[in-house]
Amino acid sequence: MGYDHLEIEKKWQRYWQQNKTFKATAKPGQKKYYALDMFPYPSGQGLHVGHPEGYTATDAMARFKRMQGYNVLHPMGFDAFGLPAEQYALKTGHNPKGFTNQNIDHFRDQIQSLGFSYDWDREVNTTDPKYYKWTQWIFEQLYKKGLAYEDEIMVNWAPDFMGGTVVANEEVIDGKTERGGYPVYRVPMRQWVLKITAYADRLIDDLDLVDWPESVKEMQRNWIGRSVGAAVYFKVAGQEDKQIEVFTTRCDTLFGASYVTLAPELDLVDEITTPEQKAAVKAYQEAASRRSDLERTDLNKDKTGVFTGAYAINPVNGAKLPIWISDYVLASYGTGAVMAVPAHDERDWEFAKKFDLPIKRVLVGGDLIEGAYTGDGEHVNSAFLDGLTIEAAKTKMLEWLEANGAGQKKVNYRLRDWIFSRQRYWGEPIPVIHWDDGTTSLVPEDELPLTLPDTDDIKPSGTGESPLANIEEWVNVYDENGRHGLRDTNTMPQWAGSSWYWLRYTDPTNEQAFASKEALEYWSPVDLYVGGAEHAVLHLLYARFWHKFLYDLGVVPTPEPFMKLVNQGMILGSNHEKMSKSKGNVVNPDDIVAEYGADTLRLYEMFMGPLEESVPWDEKGLHGANKWVHRVWRLLIDENNHLRDRVSTINDGKLDKVYHQTVKKVTADYERLHFNTAISQLMVFVNEAYKVDDLPVEYMEGLVKMISPLMPHVAEELWQKLGHEETITYQAWPTYDESKLVEANVEMIVQVNGKVRAKLKMPKDADQATAEQMALADEHVQKFTTGKEIKKVIVIPNRIVNIVVK
RNA sequence: GCGGAUAUGGCGGAAUUGGCAGACGCGCUAGAUUUAGAUUCUAGUGUCCUUGUGACGUGAAGGUUCGAAUCCUUUUAUCCGCACCA
């Protein structure tokens, strides 16, 4: 009878649960390690093989760190507000709560079947009022600090989506909703907005504090899009009370400005347009407003625009510049106005060519017939800037602008404030009351959580408001003086609950605070955070924003939440394509666990390749992983399920070197999350162990410990068979002896002109002369050296001898 | 268009500092065990040829170096992100 995964995995999962083996308790004085997974949205489809990849990596780290003496926090929870549940509710007329909780139970069962060492007493669920009480509390603190405000803004209105809802910019793809593909229109609406832009600089600068993939940092920097430049003020000729503020990163080219361009949507356009141009401007504005963003960018190779009839005065030389409108200038970026320098900006150059506007060179270099010159060079035709290069000219121009009140240094961001309201039922209600007298107030903190009304009557309101608007007994409120008001019917976006959950895990049942100061100080920050690359910007930016806000309030101890971030790669279908139902290449982890066991799945997913890379699923590879699980078992256990006689205290020394090498490599590789190479080293060790007669019990215990982070069930069972009663979870990690790795003789490579010609045993640390002499004396080497002049001999001790001949 | 990443046998991948390219696994070939299959065990497995003590070989082309998968320049392909951001 061999290894029976069904019986053994169930046995140890039960043991861990009954003994609360992984319960984490803050122990001041003991070093801690916080290993975190991005918590899942519990979809109706259940777990996907992609989920266990990241989960196994953090779990292996958690188990490894426990054995190294760390007090480990390794929690799991559910990000359970979200669209599918709401859609289900609208379709079936049931409350999404029951459906969501069912899905959570299913997910939890699936996750538990994989043997992860989570402390389930710390499970969080974003839809639990005890949890979202604190999501609402954080919103209220933002409101009190002026970082949550209502504004009439252009939003993405999707009237056919969910009975009409507003979606965030990032949820719009090619003018359609990311989910469902419904058309999106830009309309003004009153929305809750969070002032994430107030944190723009710190969100960029503090990226230097964390150990994250460079690609993610770069994406965040680009998303925030900080650009340093200048605001320059242009007076409108003949209307001296009117001023146009432009933003430029190239104030050094101000002498080369030949016209000014405004976004067609600007109010100022109507004020300055001359009567003769009114009709043309009006027509252009209408045409532009009808074009979607897509048409204004992707599809638009050709520049369009209309002259307003008005002129602006260049503050630096008094030149009269025509004012145009064009949709290549975006109202949403900067001030919606640019000074056009066609000689040194490609867009301006194209526009000037098309409308035959003057192109004035102010920098030496390039050919202005061909296109704009954007490189560096000496300035010309620029009065006090002549002879300077770009950087020096910028500084000097800024000084001039400031001294003359014509402009100043300015920083601009691409990042916009975060539209925070959704017109949905299944989200955290925004705890705000709008009174009939026009005032607005927060739901008092001691009345939180403001819970969702428990109703099956969830229908679109039809007005653009959420289904909550239909529920009169919830919406209508009266204060102690009988004053009537209406609750805000907006709910928060799904990002809200996930913007602080790692803090809640540190103290998940606290009713006085979102977490105690002691718990936060002990467990913060998260040491390792693993999740998909799709969250590189949004989740991670919002999470950092909230964390920093709480840091400023003095309620969390670190400026950044996640010290090390790793994006696991995708597991592709066996056809190298992304797994999807329509392609029929989806693998269900339940089937793998049933057939091969969780240990095999875990081992295979970690052996497939580097954690960060996307790798195709391979049934044969999975089978190979299973073979190795059995191979380890058989190494130690005989056909009668007893420990083999070969495992004893006898050590003939044959495994010394490879064992110590293995401990060294596996320890270092686990530390770097290089599980695939750690596993390959363990395979090498097992292969060697099969070749010898005596298996020292010390080494076998070391082996079982080293496989335990990856294959915990089989490791527990083997540990028990080795005669131990306690779980392997808290056993000390094996150590290695550096002296066992070195031998008296080393093999040195002898090259002639860089080509390997011999491999010679030499005494360790043989000096240069000895090594050279031995190499030259070698018979085979001589075949390549005789009759040739030896120019040089390079000796790298204990490694290589390279003989250069001619 | 801009930015980032990747490219190594039939496949997944390894090579921590510029020092034996292809560890480990899959697959394949041959043999052993087995009634047979599965399993297990042993040996072999980059390409080429004149089978050697050989030549070539890390997307392509150059370069630096005694020595390059690794460093530099150019280039191609794929993936990801952004995209008239002034």
# chains A, B, ... in the order shown; residues from 1 in each chain; ligands from 1
$ select_by_dssp --residues "range 98-201 of chain A" --states "alpha helix (DSSP H)" --output "ChimeraX atom specification"
/A:98-112,129-144,200-201
$ residues_around --residues "range 376-390 of chain A" --least-positions-apart "2" --cutoff "6 Å" --atoms "only C-alpha atoms (C1' of nucleotides)" --output "ChimeraX atom specification"
/A:255,362-364,392-393
$ interface_residues --of "chain B" --to "chain A" --cutoff "6 Å" --atoms "only C-alpha atoms (C1' of nucleotides)" --output "list in words"
G4, C24, C26, G67, C84 and A86 of chain B
$ atom_distance --atom1 "CA of Glu612 in chain A" --atom2 "CA of His576 in chain A"
16.0 Å
$ residues_around --residues "range 725-732 of chain A" --least-positions-apart "6" --cutoff "9 Å" --atoms "only C-alpha atoms (C1' of nucleotides)" --output "list in words"
Tyr15, Trp16, Thr21, Phe22, Arg63, Phe64, Arg66, Met67, Gln68, Gly69, Val704, Lys705, Ser708, Pro709, Pro712, Ala715, Glu716 and Trp719 of chain A
